[in-house]
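With PDB, C-alpha atoms inside, this is my_file.pdb:
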ATOM      1  CA  MET S   1      17.374  70.220  92.833  1.00  0.00           C
ATOM      2  CA  ALA S   2      14.926  68.142  90.832  1.00  0.00           C
ATOM      3  CA  GLU S   3      12.647  65.897  92.869  1.00  0.00           C
ATOM      4  CA  PRO S   4      13.053  62.121  92.539  1.00  0.00           C
ATOM      5  CA  ALA S   5      11.159  60.576  89.663  1.00  0.00           C
ATOM      6  CA  THR S   6       9.089  58.408  91.982  1.00  0.00           C
ATOM      7  CA  ARG S   7       7.963  61.484  93.904  1.00  0.00           C
ATOM      8  CA  THR S   8       6.990  63.197  90.663  1.00  0.00           C
ATOM      9  CA  VAL S   9       4.928  60.175  89.645  1.00  0.00           C
ATOM     10  CA  GLU S  10       3.255  60.059  93.067  1.00  0.00           C
ATOM     11  CA  ARG S  11       2.291  63.721  92.830  1.00  0.00           C
ATOM     12  CA  ALA S  12       1.023  63.369  89.266  1.00  0.00           C
ATOM     13  CA  LEU S  13      -1.135  60.398  90.243  1.00  0.00           C
ATOM     14  CA  GLN S  14      -2.368  62.302  93.278  1.00  0.00           C
ATOM     15  CA  LEU S  15      -3.439  65.161  91.030  1.00  0.00           C
ATOM     16  CA  LEU S  16      -5.026  62.805  88.526  1.00  0.00           C
ATOM     17  CA  GLY S  17      -7.009  61.141  91.298  1.00  0.00           C
ATOM     18  CA  ALA S  18      -8.166  64.502  92.604  1.00  0.00           C
ATOM     19  CA  VAL S  19      -9.361  65.583  89.151  1.00  0.00           C
ATOM     20  CA  CYS S  20     -11.238  62.306  88.676  1.00  0.00           C
ATOM     21  CA  ASP S  21     -12.835  62.510  92.115  1.00  0.00           C
ATOM     22  CA  ALA S  22     -13.984  66.084  91.546  1.00  0.00           C
ATOM     23  CA  GLY S  23     -15.042  65.687  87.924  1.00  0.00           C
ATOM     24  CA  ALA S  24     -14.131  69.326  87.311  1.00  0.00           C
ATOM     25  CA  VAL S  25     -11.741  71.342  89.448  1.00  0.00           C
ATOM     26  CA  SER S  26      -9.775  74.593  89.262  1.00  0.00           C
ATOM     27  CA  LEU S  27      -6.027  74.864  89.701  1.00  0.00           C
ATOM     28  CA  ALA S  28      -6.476  76.583  93.060  1.00  0.00           C
ATOM     29  CA  GLU S  29      -8.872  73.931  94.315  1.00  0.00           C
ATOM     30  CA  VAL S  30      -6.781  70.984  93.228  1.00  0.00           C
ATOM     31  CA  SER S  31      -3.563  72.458  94.597  1.00  0.00           C
ATOM     32  CA  ARG S  32      -5.232  73.035  97.972  1.00  0.00           C
ATOM     33  CA  GLY S  33      -6.796  69.586  97.975  1.00  0.00           C
ATOM     34  CA  THR S  34      -3.500  67.853  97.226  1.00  0.00           C
ATOM     35  CA  GLU S  35      -1.390  70.222  99.337  1.00  0.00           C
ATOM     36  CA  LEU S  36       0.822  71.012  96.374  1.00  0.00           C
ATOM     37  CA  SER S  37       2.022  74.440  95.442  1.00  0.00           C
ATOM     38  CA  ALA S  38       0.157  76.051  92.574  1.00  0.00           C
ATOM     39  CA  SER S  39       3.318  76.066  90.453  1.00  0.00           C
ATOM     40  CA  THR S  40       3.959  72.349  91.020  1.00  0.00           C
ATOM     41  CA  ALA S  41       0.317  71.454  90.387  1.00  0.00           C
ATOM     42  CA  LEU S  42       0.264  73.526  87.203  1.00  0.00           C
ATOM     43  CA  ARG S  43       3.454  71.933  85.882  1.00  0.00           C
ATOM     44  CA  LEU S  44       2.169  68.421  86.486  1.00  0.00           C
ATOM     45  CA  LEU S  45      -1.312  69.210  85.155  1.00  0.00           C
ATOM     46  CA  ARG S  46       0.207  70.526  81.946  1.00  0.00           C
ATOM     47  CA  THR S  47       2.132  67.283  81.551  1.00  0.00           C
ATOM     48  CA  LEU S  48      -1.046  65.280  82.161  1.00  0.00           C
ATOM     49  CA  GLU S  49      -2.906  67.516  79.732  1.00  0.00           C
ATOM     50  CA  ASN S  50      -0.281  67.067  77.014  1.00  0.00           C
ATOM     51  CA  SER S  51      -0.612  63.305  77.459  1.00  0.00           C
ATOM     52  CA  GLY S  52      -4.410  63.411  77.267  1.00  0.00           C
ATOM     53  CA  PHE S  53      -5.024  62.272  80.836  1.00  0.00           C
ATOM     54  CA  VAL S  54      -6.677  65.546  81.807  1.00  0.00           C
ATOM     55  CA  ARG S  55      -8.138  68.382  79.782  1.00  0.00           C
ATOM     56  CA  LYS S  56      -8.702  72.038  80.531  1.00  0.00           C
ATOM     57  CA  ASP S  57     -12.121  73.361  79.621  1.00  0.00           C
ATOM     58  CA  ALA S  58     -13.171  76.846  78.549  1.00  0.00           C
ATOM     59  CA  ASP S  59     -13.774  77.864  82.175  1.00  0.00           C
ATOM     60  CA  GLY S  60     -10.223  76.962  83.162  1.00  0.00           C
ATOM     61  CA  GLU S  61     -11.246  73.859  85.101  1.00  0.00           C
ATOM     62  CA  TYR S  62      -9.495  70.522  84.742  1.00  0.00           C
ATOM     63  CA  ARG S  63     -11.471  67.380  83.871  1.00  0.00           C
ATOM     64  CA  PRO S  64     -10.590  63.743  83.164  1.00  0.00           C
ATOM     65  CA  GLY S  65      -9.176  63.425  79.643  1.00  0.00           C
ATOM     66  CA  LEU S  66     -10.092  61.082  76.847  1.00  0.00           C
ATOM     67  CA  ARG S  67      -6.847  59.112  77.099  1.00  0.00           C
ATOM     68  CA  LEU S  68      -7.852  58.147  80.637  1.00  0.00           C
ATOM     69  CA  VAL S  69     -11.237  57.001  79.358  1.00  0.00           C
ATOM     70  CA  GLN S  70      -9.592  54.932  76.630  1.00  0.00           C
ATOM     71  CA  LEU S  71      -7.265  53.214  79.078  1.00  0.00           C
ATOM     72  CA  GLY S  72     -10.197  52.595  81.365  1.00  0.00           C
ATOM     73  CA  ALA S  73     -12.087  51.003  78.487  1.00  0.00           C
ATOM     74  CA  GLN S  74      -9.204  48.649  77.826  1.00  0.00           C
ATOM     75  CA  ALA S  75      -8.968  47.796  81.530  1.00  0.00           C
ATOM     76  CA  LEU S  76     -12.674  46.980  81.595  1.00  0.00           C
ATOM     77  CA  SER S  77     -12.207  43.809  79.581  1.00  0.00           C
ATOM     78  CA  HIS S  78     -13.186  41.712  82.605  1.00  0.00           C
ATOM     79  CA  GLU S  79     -15.894  43.978  83.999  1.00  0.00           C
ATOM     80  CA  SER S  80     -19.494  42.848  84.359  1.00  0.00           C
ATOM     81  CA  LEU S  81     -21.002  45.316  81.874  1.00  0.00           C
ATOM     82  CA  ILE S  82     -18.924  43.970  79.013  1.00  0.00           C
ATOM     83  CA  HIS S  83     -19.525  40.345  79.959  1.00  0.00           C
ATOM     84  CA  LEU S  84     -23.246  40.845  80.427  1.00  0.00           C
ATOM     85  CA  ALA S  85     -23.582  42.725  77.137  1.00  0.00           C
ATOM     86  CA  ALA S  86     -21.572  40.186  75.131  1.00  0.00           C
ATOM     87  CA  PRO S  87     -24.466  37.742  74.510  1.00  0.00           C
ATOM     88  CA  ALA S  88     -26.716  40.611  73.383  1.00  0.00           C
ATOM     89  CA  LEU S  89     -24.084  41.836  70.938  1.00  0.00           C
ATOM     90  CA  GLN S  90     -23.629  38.337  69.563  1.00  0.00           C
ATOM     91  CA  ARG S  91     -27.391  37.893  69.148  1.00  0.00           C
ATOM     92  CA  LEU S  92     -27.474  41.099  67.137  1.00  0.00           C
ATOM     93  CA  VAL S  93     -24.706  39.778  64.893  1.00  0.00           C
ATOM     94  CA  ASP S  94     -26.509  36.453  64.481  1.00  0.00           C
ATOM     95  CA  ALA S  95     -29.737  38.244  63.525  1.00  0.00           C
ATOM     96  CA  THR S  96     -28.237  40.881  61.244  1.00  0.00           C
ATOM     97  CA  GLY S  97     -24.763  39.799  60.118  1.00  0.00           C
ATOM     98  CA  GLU S  98     -23.567  43.301  61.049  1.00  0.00           C
ATOM     99  CA  SER S  99     -21.050  44.412  63.687  1.00  0.00           C
ATOM    100  CA  ALA S 100     -22.481  45.309  67.101  1.00  0.00           C
ATOM    101  CA  TYR S 101     -20.862  47.573  69.695  1.00  0.00           C
ATOM    102  CA  LEU S 102     -21.086  48.477  73.366  1.00  0.00           C
ATOM    103  CA  SER S 103     -20.182  52.119  74.031  1.00  0.00           C
ATOM    104  CA  VAL S 104     -19.920  54.574  76.907  1.00  0.00           C
ATOM    105  CA  ARG S 105     -19.727  58.329  76.906  1.00  0.00           C
ATOM    106  CA  GLY S 106     -16.266  59.846  77.221  1.00  0.00           C
ATOM    107  CA  HIS S 107     -15.506  63.248  78.697  1.00  0.00           C
ATOM    108  CA  GLN S 108     -18.124  65.977  78.590  1.00  0.00           C
ATOM    109  CA  GLY S 109     -17.583  69.442  77.173  1.00  0.00           C
ATOM    110  CA  THR S 110     -19.388  71.641  74.714  1.00  0.00           C
ATOM    111  CA  GLY S 111     -18.339  70.815  71.172  1.00  0.00           C
ATOM    112  CA  SER S 112     -15.820  68.170  72.213  1.00  0.00           C
ATOM    113  CA  ASP S 113     -17.878  65.257  73.528  1.00  0.00           C
ATOM    114  CA  HIS S 114     -16.955  61.759  72.451  1.00  0.00           C
ATOM    115  CA  ALA S 115     -18.041  58.188  73.006  1.00  0.00           C
ATOM    116  CA  VAL S 116     -15.674  55.271  73.459  1.00  0.00           C
ATOM    117  CA  TYR S 117     -16.267  51.771  72.110  1.00  0.00           C
ATOM    118  CA  LEU S 118     -15.817  49.186  74.879  1.00  0.00           C
ATOM    119  CA  ALA S 119     -16.601  45.944  73.085  1.00  0.00           C
ATOM    120  CA  ILE S 120     -17.577  44.503  69.714  1.00  0.00           C
ATOM    121  CA  ALA S 121     -19.140  41.405  68.268  1.00  0.00           C
ATOM    122  CA  GLU S 122     -17.806  41.518  64.722  1.00  0.00           C
ATOM    123  CA  GLY S 123     -20.159  41.036  61.792  1.00  0.00           C
ATOM    124  CA  THR S 124     -20.100  38.020  59.524  1.00  0.00           C
ATOM    125  CA  HIS S 125     -20.331  39.746  56.130  1.00  0.00           C
ATOM    126  CA  SER S 126     -17.159  39.900  54.047  1.00  0.00           C
ATOM    127  CA  VAL S 127     -17.583  43.686  54.036  1.00  0.00           C
ATOM    128  CA  ARG S 128     -18.162  44.736  57.636  1.00  0.00           C
ATOM    129  CA  HIS S 129     -17.233  47.355  60.202  1.00  0.00           C
ATOM    130  CA  ALA S 130     -13.878  46.395  61.733  1.00  0.00           C
ATOM    131  CA  SER S 131     -13.186  46.616  65.448  1.00  0.00           C
ATOM    132  CA  TRP S 132     -12.976  50.103  66.915  1.00  0.00           C
ATOM    133  CA  VAL S 133     -12.668  48.926  70.533  1.00  0.00           C
ATOM    134  CA  GLY S 134     -10.918  51.594  72.593  1.00  0.00           C
ATOM    135  CA  ARG S 135     -11.424  54.187  69.863  1.00  0.00           C
ATOM    136  CA  SER S 136     -13.321  57.413  70.448  1.00  0.00           C
ATOM    137  CA  VAL S 137     -15.902  58.875  68.094  1.00  0.00           C
ATOM    138  CA  PRO S 138     -17.444  62.346  68.195  1.00  0.00           C
ATOM    139  CA  LEU S 139     -21.002  62.543  69.457  1.00  0.00           C
ATOM    140  CA  ALA S 140     -21.913  65.416  67.152  1.00  0.00           C
ATOM    141  CA  GLY S 141     -23.985  64.160  64.234  1.00  0.00           C
ATOM    142  CA  SER S 142     -23.952  60.542  65.394  1.00  0.00           C
ATOM    143  CA  SER S 143     -26.624  58.190  66.699  1.00  0.00           C
ATOM    144  CA  LEU S 144     -24.631  57.873  69.928  1.00  0.00           C
ATOM    145  CA  GLY S 145     -24.769  61.639  70.310  1.00  0.00           C
ATOM    146  CA  VAL S 146     -28.569  61.559  70.289  1.00  0.00           C
ATOM    147  CA  VAL S 147     -28.633  58.573  72.653  1.00  0.00           C
ATOM    148  CA  PHE S 148     -26.260  60.075  75.212  1.00  0.00           C
ATOM    149  CA  ALA S 149     -28.082  63.403  75.064  1.00  0.00           C
ATOM    150  CA  GLY S 150     -31.157  61.527  76.284  1.00  0.00           C
ATOM    151  CA  ASN S 151     -33.135  62.222  73.117  1.00  0.00           C
ATOM    152  CA  THR S 152     -33.907  58.677  71.992  1.00  0.00           C
ATOM    153  CA  PRO S 153     -37.422  58.665  70.453  1.00  0.00           C
ATOM    154  CA  ASP S 154     -40.286  56.452  71.602  1.00  0.00           C
ATOM    155  CA  ALA S 155     -39.276  53.766  69.113  1.00  0.00           C
ATOM    156  CA  GLY S 156     -36.306  53.104  71.417  1.00  0.00           C
ATOM    157  CA  TYR S 157     -33.510  53.539  68.896  1.00  0.00           C
ATOM    158  CA  VAL S 158     -31.701  56.225  66.897  1.00  0.00           C
ATOM    159  CA  VAL S 159     -30.456  56.004  63.304  1.00  0.00           C
ATOM    160  CA  SER S 160     -27.657  58.037  61.752  1.00  0.00           C
ATOM    161  CA  ASP S 161     -26.469  57.849  58.166  1.00  0.00           C
ATOM    162  CA  LYS S 162     -22.946  59.121  57.459  1.00  0.00           C
ATOM    163  CA  GLY S 163     -22.758  60.520  60.991  1.00  0.00           C
ATOM    164  CA  VAL S 164     -19.160  59.496  61.708  1.00  0.00           C
ATOM    165  CA  GLU S 165     -18.133  57.782  58.475  1.00  0.00           C
ATOM    166  CA  ALA S 166     -19.356  58.224  54.930  1.00  0.00           C
ATOM    167  CA  ASP S 167     -21.502  55.355  53.640  1.00  0.00           C
ATOM    168  CA  VAL S 168     -21.997  53.905  57.116  1.00  0.00           C
ATOM    169  CA  THR S 169     -25.298  53.616  58.975  1.00  0.00           C
ATOM    170  CA  ALA S 170     -25.407  53.270  62.759  1.00  0.00           C
ATOM    171  CA  ILE S 171     -28.430  52.247  64.824  1.00  0.00           C
ATOM    172  CA  ALA S 172     -28.090  52.770  68.591  1.00  0.00           C
ATOM    173  CA  ALA S 173     -30.177  52.308  71.734  1.00  0.00           C
ATOM    174  CA  PRO S 174     -29.496  53.464  75.309  1.00  0.00           C
ATOM    175  CA  LEU S 175     -28.781  51.486  78.441  1.00  0.00           C
ATOM    176  CA  ARG S 176     -30.257  53.500  81.276  1.00  0.00           C
ATOM    177  CA  GLN S 177     -29.432  53.098  84.943  1.00  0.00           C
ATOM    178  CA  LEU S 178     -32.313  51.742  86.992  1.00  0.00           C
ATOM    179  CA  GLY S 179     -33.553  52.758  90.401  1.00  0.00           C
ATOM    180  CA  ALA S 180     -36.890  51.268  91.425  1.00  0.00           C
ATOM    181  CA  PRO S 181     -38.111  48.526  89.085  1.00  0.00           C
ATOM    182  CA  GLY S 182     -38.894  50.039  85.716  1.00  0.00           C
ATOM    183  CA  ALA S 183     -37.836  53.554  86.704  1.00  0.00           C
ATOM    184  CA  ALA S 184     -34.844  55.233  85.082  1.00  0.00           C
ATOM    185  CA  VAL S 185     -32.456  57.216  87.237  1.00  0.00           C
ATOM    186  CA  ASP S 186     -31.859  60.829  86.195  1.00  0.00           C
ATOM    187  CA  GLY S 187     -28.544  61.509  84.475  1.00  0.00           C
ATOM    188  CA  GLY S 188     -29.131  59.926  81.108  1.00  0.00           C
ATOM    189  CA  PRO S 189     -27.866  56.678  79.610  1.00  0.00           C
ATOM    190  CA  VAL S 190     -24.715  55.180  81.067  1.00  0.00           C
ATOM    191  CA  ALA S 191     -23.981  53.069  77.991  1.00  0.00           C
ATOM    192  CA  ALA S 192     -25.344  52.214  74.555  1.00  0.00           C
ATOM    193  CA  ILE S 193     -25.435  49.284  72.186  1.00  0.00           C
ATOM    194  CA  SER S 194     -25.404  49.794  68.442  1.00  0.00           C
ATOM    195  CA  VAL S 195     -25.250  48.062  65.093  1.00  0.00           C
ATOM    196  CA  VAL S 196     -22.938  49.602  62.490  1.00  0.00           C
ATOM    197  CA  ALA S 197     -23.282  48.625  58.834  1.00  0.00           C
ATOM    198  CA  PRO S 198     -22.483  49.768  55.283  1.00  0.00           C
ATOM    199  CA  SER S 199     -25.304  52.033  54.124  1.00  0.00           C
ATOM    200  CA  TYR S 200     -25.714  50.187  50.822  1.00  0.00           C
ATOM    201  CA  ARG S 201     -27.127  47.189  52.730  1.00  0.00           C
ATOM    202  CA  MET S 202     -29.669  49.344  54.551  1.00  0.00           C
ATOM    203  CA  ASN S 203     -33.199  50.264  53.497  1.00  0.00           C
ATOM    204  CA  PRO S 204     -36.131  51.565  55.578  1.00  0.00           C
ATOM    205  CA  GLU S 205     -37.470  48.074  56.295  1.00  0.00           C
ATOM    206  CA  GLU S 206     -34.071  46.691  57.333  1.00  0.00           C
ATOM    207  CA  ILE S 207     -33.310  49.747  59.462  1.00  0.00           C
ATOM    208  CA  GLN S 208     -36.623  49.318  61.274  1.00  0.00           C
ATOM    209  CA  ARG S 209     -36.015  45.610  61.791  1.00  0.00           C
ATOM    210  CA  ILE S 210     -32.513  46.132  63.159  1.00  0.00           C
ATOM    211  CA  GLY S 211     -33.646  49.105  65.237  1.00  0.00           C
ATOM    212  CA  GLN S 212     -36.299  47.029  66.934  1.00  0.00           C
ATOM    213  CA  LEU S 213     -33.744  44.305  67.646  1.00  0.00           C
ATOM    214  CA  VAL S 214     -31.257  46.782  69.116  1.00  0.00           C
ATOM    215  CA  ALA S 215     -33.944  48.445  71.253  1.00  0.00           C
ATOM    216  CA  ALA S 216     -35.171  45.068  72.518  1.00  0.00           C
ATOM    217  CA  GLU S 217     -31.663  43.944  73.496  1.00  0.00           C
ATOM    218  CA  ALA S 218     -30.995  47.263  75.230  1.00  0.00           C
ATOM    219  CA  HIS S 219     -34.256  47.008  77.147  1.00  0.00           C
ATOM    220  CA  ALA S 220     -33.466  43.430  78.205  1.00  0.00           C
ATOM    221  CA  LEU S 221     -30.097  44.564  79.559  1.00  0.00           C
ATOM    222  CA  LEU S 222     -31.534  47.315  81.745  1.00  0.00           C
ATOM    223  CA  GLY S 223     -31.950  45.244  84.862  1.00  0.00           C
ATOM    224  CA  THR S 224     -28.760  43.224  84.387  1.00  0.00           C
ATOM    225  CA  ALA S 225     -25.823  45.037  82.807  1.00  0.00           C
ATOM    226  CA  VAL S 226     -26.726  48.468  84.117  1.00  0.00           C
ATOM    227  CA  GLY S 227     -28.901  47.848  87.117  1.00  0.00           C
ATOM    228  CA  SER S 228     -26.696  45.179  88.690  1.00  0.00           C
TER
END
Starting from the file, lay out its structure as structure tokens.
Amino acid sequence: MAEPATRTVERALQLLGAVCDAGAVSLAEVSRGTELSASTALRLLRTLENSGFVRKDADGEYRPGLRLVQLGAQALSHESLIHLAAPALQRLVDATGESAYLSVRGHQGTGSDHAVYLAIAEGTHSVRHASWVGRSVPLAGSSLGVVFAGNTPDAGYVVSDKGVEADVTAIAAPLRQLGAPGAAVDGGPVAAISVVAPSYRMNPEEIQRIGQLVAAEAHALLGTAVGS
């Protein structure tokens, strides 16, 4: 006899919570932790996987999926990070006329890492980058990929040309979590801000100018948006 729908939902949410709490967990571990049979856990995990709420990595472990990250990004509309970053994004638009974004890293996994756009201040040019809030972008070949890998150069910003889209230039800077005043906590950036613009409007001088602006805004946010 099939179990009631509410019970199925409860078990699926229980599994989803266990995967999120663990970060990465095997079928055996999650079935023991939730006191579900391996067959029931596997059936529900496959459903969650097909819906994008969990993903199975090459080692057979289950991790939070990108769909969960996207929904979380949408639910964050009233969270402090977005509100605290909003003035910085708007200042970047006012200074450059280009669209500015706040991003976080999505799920981690070799060859499949993504970032998710949480917020935008849209540019003022007639030709501008339209809102990608809630959308994921691959880290490979992008400025966000370098930022979230912790490889931002001393200048404080990263530039990519045609990294995600042809004829688009992105300039990104990291928001690092703070411990003691002025000291970054290990683990890499927890978020990034970036300016995204058509490449035809960019030249070395403008890229440097915008890069310095993005880096300065990111640095100013360290003790507020991320360290709060």
With distances taken over only C-alpha atoms, which residue among S:Ala88, S:Leu27, S:Leu45, S:Ile171 lies nearest S:Ile120?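 With only C-alpha atoms as the atom set, the closest residue is S:Ala88.
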Shell of 7 Å around S:Ala24, only C-alpha atoms, local chain residues under 6 positions omitted, as JSON, numbers by chain: {"S": [61, 62, 63]}
Let me know the residues the PyMOL selection byres ((chain S and resi 145-147) around 9) catches in the file above, as a JSON list (two decimals) with C-alpha atoms, keeping the file's coordinate frame.
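Saved as out-v3.json:
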[["chain", "number", "residue", "atom", "x", "y", "z"],
["S", 105, "ARG", "CA", -19.73, 58.33, 76.91],
["S", 113, "ASP", "CA", -17.88, 65.26, 73.53],
["S", 114, "HIS", "CA", -16.95, 61.76, 72.45],
["S", 115, "ALA", "CA", -18.04, 58.19, 73.01],
["S", 138, "PRO", "CA", -17.44, 62.35, 68.19],
["S", 139, "LEU", "CA", -21.00, 62.54, 69.46],
["S", 140, "ALA", "CA", -21.91, 65.42, 67.15],
["S", 141, "GLY", "CA", -23.98, 64.16, 64.23],
["S", 142, "SER", "CA", -23.95, 60.54, 65.39],
["S", 143, "SER", "CA", -26.62, 58.19, 66.70],
["S", 144, "LEU", "CA", -24.63, 57.87, 69.93],
["S", 148, "PHE", "CA", -26.26, 60.08, 75.21],
["S", 149, "ALA", "CA", -28.08, 63.40, 75.06],
["S", 150, "GLY", "CA", -31.16, 61.53, 76.28],
["S", 151, "ASN", "CA", -33.14, 62.22, 73.12],
["S", 152, "THR", "CA", -33.91, 58.68, 71.99],
["S", 157, "TYR", "CA", -33.51, 53.54, 68.90],
["S", 158, "VAL", "CA", -31.70, 56.22, 66.90],
["S", 172, "ALA", "CA", -28.09, 52.77, 68.59],
["S", 173, "ALA", "CA", -30.18, 52.31, 71.73],
["S", 174, "PRO", "CA", -29.50, 53.46, 75.31],
["S", 188, "GLY", "CA", -29.13, 59.93, 81.11],
["S", 189, "PRO", "CA", -27.87, 56.68, 79.61],
["S", 191, "ALA", "CA", -23.98, 53.07, 77.99],
["S", 192, "ALA", "CA", -25.34, 52.21, 74.56]]
Taking 4 positions as the minimum chain separation for residues in the same chain, which residues sit within 8 Å of S:Ile193 when counting only C-alpha atoms? Answer as a list of chain:residue names.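 Returned residues: S:Leu89, S:Ala100, S:Tyr101, S:Leu102, S:Ser103, S:Ala172, S:Ala173, S:Pro174, S:Leu175, S:Val214, S:Ala218.
Closest approach to S:Gly97 from the set S:Ala216, S:Ala5, S:Leu68, S:Ala121 is made by S:Ala121, with distances taken over all atoms listed in the file.
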Contact residues around S:Gln212 with all atoms listed in the file at 9 Å, ignoring same-chain residues under 5 positions, as number ranges by chain: S: 155-157, 207, 217
Using C-alpha atoms, can you export the residues from the last selection as a CSV table (one decimal), keeping the file's coordinate frame?
chain,number,residue,atom,x,y,z
S,155,ALA,CA,-39.3,53.8,69.1
S,156,GLY,CA,-36.3,53.1,71.4
S,157,TYR,CA,-33.5,53.5,68.9
S,207,ILE,CA,-33.3,49.7,59.5
S,217,GLU,CA,-31.7,43.9,73.5
For a quick check of understanding, using only C-alpha atoms, which of S:Ala119, S:Ala86, S:Leu221, S:Leu15 has the smallest distance to S:Arg46?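 The shortest atom-to-atom distance to S:Arg46 comes from S:Leu15.
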Selection in question (the file shown): the PyMOL selection byres ((chain S and resi 51) around 12). Which residues does it include, as a list in words?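 Going through the file, the PyMOL selection byres ((chain S and resi 51) around 12) ends up selecting Ala12, Leu16, Leu44, Leu45, Arg46, Thr47, Leu48, Glu49, Asn50, Gly52, Phe53, Val54, Arg55, Pro64, Gly65, Leu66, Arg67 and Leu68 of chain S.
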Compare S:Met202, S:Val69, S:Ala58, S:Leu92 by their minimum atom-to-atom distance to S:Ser136, counting all atoms listed in the file, and give me the closest one.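 Nearest to S:Ser136: S:Val69.
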Would you mind reading off the distance between atom CA of S:Ser99 and atom CA of S:Asn203, one decimal, in Å?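 Taking atom CA of S:Ser99 and atom CA of S:Asn203, their separation equals 16.9 Å.
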Could you write out as a list of chain:residue names the residues that the PyMOL selection byres ((chain S and resi 200) around 10) matches in the shown file? S:Asp167, S:Val168, S:Thr169, S:Ala197, S:Pro198, S:Ser199, S:Arg201, S:Met202, S:Asn203
Go through S:Thr124, S:Ala220, S:Arg32, S:Ser160 and flag the residue nearest S:Gln90, using all atoms listed in the file for the distances.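 That would be S:Thr124, the residue with the smallest distance to S:Gln90.
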Rounded to one decimal, what separation in Å do you get between atom CA of S:Glu98 and atom CA of S:Ile210?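 For atom CA of S:Glu98 relative to atom CA of S:Ile210, the distance reads 9.6 Å.
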